[in-house]
Each structure stands twice: as C-alpha cells, then as structure tokens.
Amino acid sequence: MEIWDLYDIDRQKTGKTMSKSEKFPEGKYYSLRLHLCLFNSKGQMLIQQRDHSKKHWPDLWDLTLSGGSIAGENSTQALAREVKEELGLDLDLSNERPAFTLNHDTAFDDYYLIEKDIDLKDIHFDDGEVQAVKWATESEILEMIEKKEFLLFYPSFIKMLFEIRKTKDVLQPEGRLII
C-alpha cells in the first residue's frame, strides 16, 4: 500500500500522510505526482500501453510513465523509483528537475521532459502496470488520441510537450531575456 505525504498549497509538507486508496482529508491538501516524457534523438516519445487489468484507463496508451511520490521521497527520487518499477530501467536522474508543474485540485503534477536514446530491448515491464512500449511521433500520438487509443490529453498539450522538449521553455529563443 502506497503512503503519500500531504502538502499544503505552498507545496510544503504538512506532516500528514494518507494511503493511495483513501479519500483526500477535509481541507486543502495535495499529493505529489510525476510524469515522464522520454524522447529520443529522433524526436519521438517513448509511450506505454497501460495493462488491461488497470482500474483506470486499461489498454490505453499513455506518456512514458506517470506515478506518485511515496512518503519521504522528493519528486526526482519518486521518478527514479517509478522508472525502475514500471520500465525496469536504472536512469541517473539526480541532475534532473521538472520542466513544469501543473496544479490539480488534489495534486502537484511534475512533468519531466528528458532526451535519452533507449533500446526497447532494455525495457522490462512490471506485471500489472505496462503491457507494451514503443516510440511514437507527435503526429502518431495525436492520431491515437483522435482514435481514442491514447489517454484523452488535449492535442495542444501533446504539441507543447514536443515543442518545448529541448529548451523546456515556453518562450521562443529570441523572446528570452538573458541576464
């Protein structure tokens, strides 16, 4: 059973925890979730097909991986653990930080955009999590969303991930202020 640290609106730990299966307690508390978008040097994203036994969105394709931080972990530590658990990969993520965070009603969702060439033969699935992986282009993912084979992300969100994957910046290079 996963135990999550609970955070306040300023992303400070409150000292409270909850299990993944519990309903969020009264008041404004948030968990820490993370998402990895792993790109190769060809500009493709590694995507995973969720296992058919998953409670939410079985058999649909998804970003490289998504998961939650367990009590005591920071975002990067949780990401490294999830990569090992879901894909069987040992990646050094110690110098990585999220490209951006989306704030949901009950969570801070950290998105990591990382470029690394991985051979699909080196990936090993954890039973019950992932049933397949493949490299996909932006247009392939958008087509899968249209066919309802991929989680129903906004197409503009997928386009943004591909657009900012190298710079991790939302301003075009000529629009950035360098100090």
# chains A, B, ... in the order shown; residues from 1 in each chain; ligands from 1
call {"tool": "residues_around", "arguments": {"residues": "A:Leu63", "least_positions_apart": "3", "cutoff": "8 Å", "atoms": "only C-alpha atoms", "output": "list in words"}}
result
His35, Leu36, Cys37, Met45, Leu46, Ile47, Gln48 and Ser66 of chain A
call {"tool": "write_last_selection", "arguments": {"atoms": "N, CA and C atoms", "output": "PDB file, in the first residue's frame"}}
result
ATOM      1  N   HIS A  35       5.290  12.795 -13.950  1.00  0.00           N
ATOM      2  CA  HIS A  35       5.088  12.271 -15.297  1.00  0.00           C
ATOM      3  C   HIS A  35       6.406  12.407 -16.044  1.00  0.00           C
ATOM      4  N   LEU A  36       6.768  11.364 -16.762  1.00  0.00           N
ATOM      5  CA  LEU A  36       7.981  11.387 -17.567  1.00  0.00           C
ATOM      6  C   LEU A  36       7.600  11.320 -19.032  1.00  0.00           C
ATOM      7  N   CYS A  37       8.158  12.243 -19.790  1.00  0.00           N
ATOM      8  CA  CYS A  37       8.069  12.206 -21.246  1.00  0.00           C
ATOM      9  C   CYS A  37       9.501  12.008 -21.722  1.00  0.00           C
ATOM     10  N   MET A  45       8.630  10.183 -28.768  1.00  0.00           N
ATOM     11  CA  MET A  45       8.403   9.976 -27.342  1.00  0.00           C
ATOM     12  C   MET A  45       8.180   8.481 -27.101  1.00  0.00           C
ATOM     13  N   LEU A  46       8.778   7.993 -26.027  1.00  0.00           N
ATOM     14  CA  LEU A  46       8.507   6.623 -25.599  1.00  0.00           C
ATOM     15  C   LEU A  46       7.135   6.628 -24.928  1.00  0.00           C
ATOM     16  N   ILE A  47       6.234   5.813 -25.423  1.00  0.00           N
ATOM     17  CA  ILE A  47       4.892   5.733 -24.834  1.00  0.00           C
ATOM     18  C   ILE A  47       4.645   4.307 -24.344  1.00  0.00           C
ATOM     19  N   GLN A  48       3.753   4.194 -23.384  1.00  0.00           N
ATOM     20  CA  GLN A  48       3.441   2.888 -22.821  1.00  0.00           C
ATOM     21  C   GLN A  48       1.954   2.609 -22.955  1.00  0.00           C
ATOM     22  N   SER A  66       3.709   7.620 -15.528  1.00  0.00           N
ATOM     23  CA  SER A  66       3.103   8.505 -14.532  1.00  0.00           C
ATOM     24  C   SER A  66       3.081   7.743 -13.216  1.00  0.00           C
TER      25      SER A  66
END
call {"tool": "residues_around", "arguments": {"residues": "stretch 2-14 of chain A", "least_positions_apart": "2", "cutoff": "7 Å", "atoms": "only C-alpha atoms", "output": "list in words"}}
result
Lys16, Thr17, Met18, Ser19, Lys20, Lys28, Tyr29, Tyr30, Ser31, Ser69, Ile70 and Ala71 of chain A
call {"tool": "write_last_selection", "arguments": {"atoms": "N, CA and C atoms", "output": "CSV table (one decimal), in the first residue's frame"}}
result
chain,number,residue,atom,x,y,z
A,16,LYS,N,1.2,15.4,7.5
A,16,LYS,CA,0.1,14.4,7.4
A,16,LYS,C,0.4,13.5,6.2
A,17,THR,N,-0.1,12.3,6.3
A,17,THR,CA,0.0,11.3,5.2
A,17,THR,C,-1.3,10.7,5.0
A,18,MET,N,-1.4,10.0,3.9
A,18,MET,CA,-2.6,9.2,3.5
A,18,MET,C,-2.2,8.1,2.6
A,19,SER,N,-3.1,7.0,2.6
A,19,SER,CA,-2.8,5.9,1.6
A,19,SER,C,-3.4,6.3,0.3
A,20,LYS,N,-2.9,5.7,-0.7
A,20,LYS,CA,-3.4,6.0,-2.1
A,20,LYS,C,-4.9,5.7,-2.2
A,28,LYS,N,-7.5,21.7,2.5
A,28,LYS,CA,-6.8,21.8,1.2
A,28,LYS,C,-5.4,21.1,1.4
A,29,TYR,N,-5.4,19.8,0.9
A,29,TYR,CA,-4.2,19.0,0.9
A,29,TYR,C,-3.9,18.5,-0.5
A,30,TYR,N,-2.6,18.3,-0.8
A,30,TYR,CA,-2.2,17.9,-2.1
A,30,TYR,C,-1.2,16.8,-2.0
A,31,SER,N,-1.2,15.9,-3.0
A,31,SER,CA,-0.1,14.9,-3.1
A,31,SER,C,0.8,15.4,-4.2
A,69,SER,N,4.5,10.1,-5.7
A,69,SER,CA,5.6,10.1,-4.7
A,69,SER,C,5.1,9.5,-3.5
A,70,ILE,N,5.9,8.6,-2.9
A,70,ILE,CA,5.5,8.0,-1.6
A,70,ILE,C,6.2,8.7,-0.5
A,71,ALA,N,5.7,8.6,0.7
A,71,ALA,CA,6.2,9.3,1.8
A,71,ALA,C,7.7,9.3,1.9
call {"tool": "residues_around", "arguments": {"residues": "stretch 117-133 of chain A", "least_positions_apart": "5", "cutoff": "10 Å", "atoms": "only C-alpha atoms", "output": "list of chain:residue names"}}
result
A:Leu38, A:Phe39, A:Asn40, A:Ser41, A:Lys42, A:Gln44, A:Leu46, A:Ile47, A:Gln48, A:Gln49, A:Arg50, A:Asp51, A:His52, A:Ser53, A:Lys54, A:Pro58, A:Asp59, A:Trp61, A:Asp62, A:Leu63, A:Thr64, A:Leu65, A:Val83, A:Lys84, A:Glu85, A:Glu86, A:Leu87, A:Gly88, A:Leu89
call {"tool": "closest_residue", "arguments": {"among": "A:Glu115, A:Met1, A:Leu34, A:Ala99", "to": "A:Leu79", "atoms": "only C-alpha atoms"}}
result
A:Leu34
call {"tool": "atom_distance", "arguments": {"atom1": "atom CA of A:Lys116", "atom2": "atom CA of A:Arg81"}}
result
17.4 Å
call {"tool": "select_by_dssp", "arguments": {"residues": "stretch 68-175 of chain A", "states": "helix (DSSP H, G or I)", "output": "JSON, numbers by chain"}}
result
{"A": [75, 76, 77, 78, 79, 80, 81, 82, 83, 84, 85, 86, 87, 120, 121, 122, 138, 139, 140, 141, 142, 143, 144, 145, 146, 155, 156, 157, 158, 159, 160, 161, 162, 163, 164, 173, 174, 175]}
call {"tool": "closest_residue", "arguments": {"among": "A:Asp92, A:Gly43, A:Thr106, A:Leu60", "to": "A:Gly27", "atoms": "only C-alpha atoms"}}
result
A:Thr106
call {"tool": "atom_distance", "arguments": {"atom1": "atom CA of A:Tyr112", "atom2": "atom CA of A:Arg97"}}
result
6.8 Å
